[in-house]
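Chemist: Handing you this structure, nothing more for now.
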Amino acid sequence: MRRTLTIPALRGAYLLAVCLLLSTSCGPSLRPNPSAATRAESLAEEGKVDAAIAAYREHIELRLADPRRPESENPYFYLLMIGDLYLASGRIELAREAYEEARNKAVDQALTAERLRRFATHFEKKGLLEQAISELRQYRELDPLMFDSEIDRLHKLFIAREREKETHTDK
């Protein structure tokens with residue numbers, strides 16, 4: 001009796017072969033863990049900042065070590081996520097280091113400029129307008145138009161607050 005394989009059976013055999021090939025084609029230390037970034041996101045949502053940062057760093061290392069990684073992929077992009085976590089948790093200097101490292105590792109300039117601009121927002125929310133302006137001036141060369149418009153907005157806000165103080169002290 002002659003057996004013939006059906007298309008679904010061939011497709012299933014092909015998928016099984018591909019899965020086996022991918023799971024054994026490189027050693028366990030080089031095998032990308034697609035869940036590292038997903039795990040980092042979940043940990044961040046749970047408020048486990050340090051664990052999320054460690055998972056993002058793991059993801060970066062796995063992607064850098066993957067010989068199949070496309071040249072166009074820059075795993076250092078995840079340094080922006082790490083910086084975001086540090087900034088949200090109030091660890092300003094660690095956030096700055098992560099953003100600067102991303103900048104030095106050729107992560108898109110517009111993305112790093114936006115993240116570095118967030119320092120100004122952080123200080124503005126705390127009422128530290130002069131510090132916010134100082135931060136914007138430090139990184140102005142990344143996007144002069146965006147940073148100048150923010151500096152102008154903060155100057156106007158600063159002047160308005162100063163006038164308000166004067167009005168209250170005069171009464």
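Each chain in the structure tokens gets a letter, A, B and so on, in the order shown; residues start at 1 in every chain, and ligands are counted from 1 in the order they appear.
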Which residues are close to A:Phe119, i.e. within 12 Å by only C-alpha atoms, leaving aside same-chain residues fewer than 6 positions away? Reply as a PyMOL selection string.
Modeler: chain A and resi 83-84+86-88+90-96+99+112-113+125-126+128-129+131-139+147+150
Chemist: Excluding A:Glu58 and any residue of its chain fewer than 2 positions from it, enumerate the residues within 10 Å of it, using only C-alpha atoms, and give them as a CSV table (one decimal) with C-alpha atoms, in the first residue's frame.
Modeler:
chain,number,residue,atom,x,y,z
A,32,PRO,CA,17.3,34.8,21.7
A,33,ASN,CA,14.7,35.0,24.4
A,36,ALA,CA,12.8,39.1,27.8
A,37,ALA,CA,11.4,42.4,26.5
A,40,ALA,CA,10.5,43.5,31.2
A,52,ALA,CA,12.4,45.2,34.5
A,53,ILE,CA,15.7,47.0,34.0
A,54,ALA,CA,17.6,43.7,34.3
A,55,ALA,CA,15.2,42.0,31.8
A,56,TYR,CA,15.7,44.8,29.3
A,60,ILE,CA,19.8,43.8,24.7
A,61,GLU,CA,22.6,41.3,25.3
A,62,LEU,CA,20.6,38.4,23.7
A,63,ARG,CA,19.8,40.5,20.6
A,64,LEU,CA,23.5,41.7,20.3
Chemist: Atom CA of A:Ala110 to atom CA of A:Ala98: how many Å, to one decimal?
Modeler: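 Distance between the two atoms: 15.5 Å.
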Chemist: I'd like the neighbourhood of stretch 106-109 of chain A as a list in words, where a residue qualifies if any of its atoms comes within 7 Å (using only C-alpha atoms), though same-chain residues fewer than 3 positions away should be ignored.
Modeler: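 These residues fall inside the cut-off: Asn74, Tyr76, Phe77, Ala102, Arg103, Thr112, Ala113 and Leu142 of chain A.
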Chemist: So how far away is atom CA of A:Ser89 from atom CA of A:His122, in Å?
Modeler: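 Distance between the two atoms: 11.1 Å.
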Chemist: Atom CA of A:Asp143 and atom CA of A:Glu114 are how many Å apart?
Modeler: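 Calculated distance between atom CA of A:Asp143 and atom CA of A:Glu114 is 8.9 Å.
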